[in-house]
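Scroll down for the structure; my scribbles are underneath it.
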Amino acid sequence: MAVKIRERPEGSGIWWVFIDHQGKRKAKKVGKDKKLARVMAKKIEAKLALGDMNLGEEGALKIPTLNEYVYGWVGKADGGSIGWFKKYAELALKETTQRGYRNIINKHLLPKFGKKRLDEITARMVADFIANGIKNGWRTSTARNIKNCLSTIMQHAYIPDGFIITNPIRGIPTPKPKDEIPDREPNPLTWEERDTLEIAFRKHEPRFYPLVLCGSRTGLRIGELIALQWQDLDFYNNLLFVQRNVAYGRLTTPKSKSSERQVRMTSQLIETLKAHRKALKEEKLRKNWDSVPEWVFPNQEGGFINYGNFIKRVWNPTMEKSGLRRRTPHDMRHTYATLRLSKGDSLAEVSKEMGHSTTDITYKTYYKWLPKESRSDIDELDERPKNDATIRNLSATRNKKGLTNVG
């Protein structure tokens, strides 16, 4: 049994009593008197304790269906709502996240739960839905994304909107089949393959050679490379600042807060980028541009590169000419990570410069490329070092007269 009071909408001064008892949920409007709402909640608790659930419908709060809550509804009594997607998702979520959520909502959530009121969606119902999806072929990552999307929606229905008294999705596990085939593993280039690819670009696509060199020397994501501007480069301190990203043809923020970072540039990369900037200045004169493009790696018109065109017209043909096994531009990022880790660079340092939120992500992704040889002398365990800090100070721990070890 649960009886709670809540202001809805938040900041309106209107108080409601929410009741959850024996699988039945109701909400009663009290008004602007918070003290009265508390008194009413106590009376309802006492009433429920006596087994009386006949609370009447007067002042009951309309609980929308999932479909209504997500995309909005028109109501006479409550005025309706524009819906969660317009009120929150379109304002707070990145374009790529919005696109993913809309696909999940329309393809998975609404067909299953769309006609159910928010307070009718239970944890057991969702857990069964997730388990059945995995049995029918969903990958664990897919199931987790679907569950997280629904949880985000229900959390807003709980707080701040107050349609439900708790988020039933929180704590639901996502089972992982033992025989599930792992996601695509990193497919990095070796030292020799990296040189071969860079030589191929320098020969066949010299305009994009600086981009490829930058990708393999900094580990930037392809969207971060495309969005790189000259103001992001600090040649004096040999630093590159990641401040934006391009996704689905739109300029946006980096993938996460940790993706906003600074990365060191190698000497070869710095010299190549300086020469590249000089070449762009000469191109500006030939094409009568008003100024040198702000993008470090612009297209033929001076704007940022279209990823689809780059893959089709530049990357794939050059990769084929190189004679190497098929890779994607993202494998330049994997190459950066694996080559650095394989030569013994700090895991924490590599993780930070790649923009990972934790070193666990870096370790789980690239642990196979960590050095296998041990750099320590295991025989040192046979003898106590002279400067051993663990040697106890016997004079400090000697028992004083009349005192025990615990005294």
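All residue names refer to the structure tokens as shown: chains lettered A, B, ... in order, residues numbered from 1 in each chain, ligands numbered from 1 in order.
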
Can you write out as CSV which residues of range 162-190 of chain A fall within 7 Å of range 104-127 of chain A, alongside each residue's closest atom pair and its distance in Å to one decimal, counting only C-alpha atoms and ordering rows by chain and ascending residue number?
```
residue,atom,partner,partner_atom,distance
A:Ile164,CA,A:Asp119,CA,5.8
A:Pro168,CA,A:Ala123,CA,4.9
A:Ile169,CA,A:Ala123,CA,5.6
A:Ile172,CA,A:Ala127,CA,6.4
```

> Got a sec to tell me which of range 50-160 of chain A DSSP assigns to helix (DSSP H, G or I), as an NGL selection string?
Replying inline: :A and (66-71 or 84-92 or 95-113 or 118-120 or 123-135 or 140-158)

> Closest to Val350 in chain A among A:Arg327, A:Thr97, A:Gln262, A:Lys321, using only C-alpha atoms?
Replying inline: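 Among the listed residues, the smallest separation from Val350 in chain A belongs to A:Gln262.
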
> Could you state the separation of CA of Phe235 in chain A and CA of Arg207 in chain A in Å, given to one decimal place?
Replying inline: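 That distance, rounded to one decimal, is 20.7 Å.
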
> What lies within 12 Å of Pro298 in chain A using only C-alpha atoms, ignoring chain neighbours under 6 positions off, as a list in words?
Replying inline: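 My reading of the contact set: Arg207, Phe208, Pro210, Leu211, Leu225, Ile226, Ala227, Leu228, Gln229, Trp230, His276, Arg277, Ala279, Leu280, Glu283, Lys284, Val292, Phe304, Ile305, Asn306, Tyr307 and Phe310 of chain A.
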
Put those residues in a file: C-alpha atoms, as a compact mmCIF listing (two decimals), in the first residue's frame.
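Wrote it out as part-v4.txt, contents follow:
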```
# COMPACT_ATOMS: atom_id res chain seq x y z
CA ARG A 207 43.46 16.08 -50.41
CA PHE A 208 42.24 13.66 -47.72
CA PRO A 210 45.77 14.94 -43.73
CA LEU A 211 42.36 13.71 -42.50
CA LEU A 225 37.28 14.90 -37.62
CA ILE A 226 34.70 16.27 -40.05
CA ALA A 227 33.63 18.95 -37.52
CA LEU A 228 37.19 20.04 -36.70
CA GLN A 229 37.84 23.76 -37.22
CA TRP A 230 41.11 25.66 -37.39
CA HIS A 276 47.50 21.46 -45.50
CA ARG A 277 46.47 24.94 -44.33
CA ALA A 279 47.41 24.41 -49.59
CA LEU A 280 43.91 25.60 -48.63
CA GLU A 283 42.98 26.90 -53.19
CA LYS A 284 41.12 29.95 -51.82
CA VAL A 292 39.95 30.05 -46.04
CA PHE A 304 32.12 20.26 -44.09
CA ILE A 305 32.41 16.80 -45.66
CA ASN A 306 29.36 14.65 -46.37
CA TYR A 307 30.19 11.31 -44.72
CA PHE A 310 33.34 10.44 -48.47
```

>> For the strand (DSSP E) assignment from backbone DSSP, which residues of range 203-370 of chain A qualify? Please present them as a PyMOL selection string.
In response: chain A and resi 233-234+239-242+245-247+250-252+261-264

Could those residues be written to a file, using C-alpha atoms, as a compact mmCIF listing (two decimals), in the first residue's frame?
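Done, and the output landed in part_9.txt:
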```txt
# COMPACT_ATOMS: atom_id res chain seq x y z
CA LEU A 233 44.13 23.65 -33.18
CA ASP A 234 46.80 25.01 -30.86
CA LEU A 239 47.05 20.42 -28.75
CA LEU A 240 43.80 19.72 -30.55
CA PHE A 241 40.45 20.53 -28.90
CA VAL A 242 37.35 18.42 -29.61
CA ASN A 245 30.64 16.65 -33.93
CA VAL A 246 28.82 15.98 -37.20
CA ALA A 247 26.14 13.30 -37.16
CA ARG A 250 24.13 17.95 -38.91
CA LEU A 251 26.56 19.87 -36.76
CA THR A 252 26.06 18.94 -33.13
CA ARG A 261 38.54 16.96 -24.62
CA GLN A 262 42.01 17.97 -25.66
CA VAL A 263 44.31 15.60 -27.53
CA ARG A 264 48.04 15.93 -28.14
```

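Excluding Thr253 in chain A itself and same-chain residues fewer than 2 positions from it, the residues having an atom within 7 Å of it are Gln243, Arg244, Asn245 and Lys255 of chain A, counting only C-alpha atoms.
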
> With distances taken over only C-alpha atoms, which of A:Phe201, A:Gly83, A:Gly171, A:Tyr69 is nearest to Met154 in chain A?
Replying inline: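 Closest to Met154 in chain A, using only C-alpha atoms: A:Tyr69.
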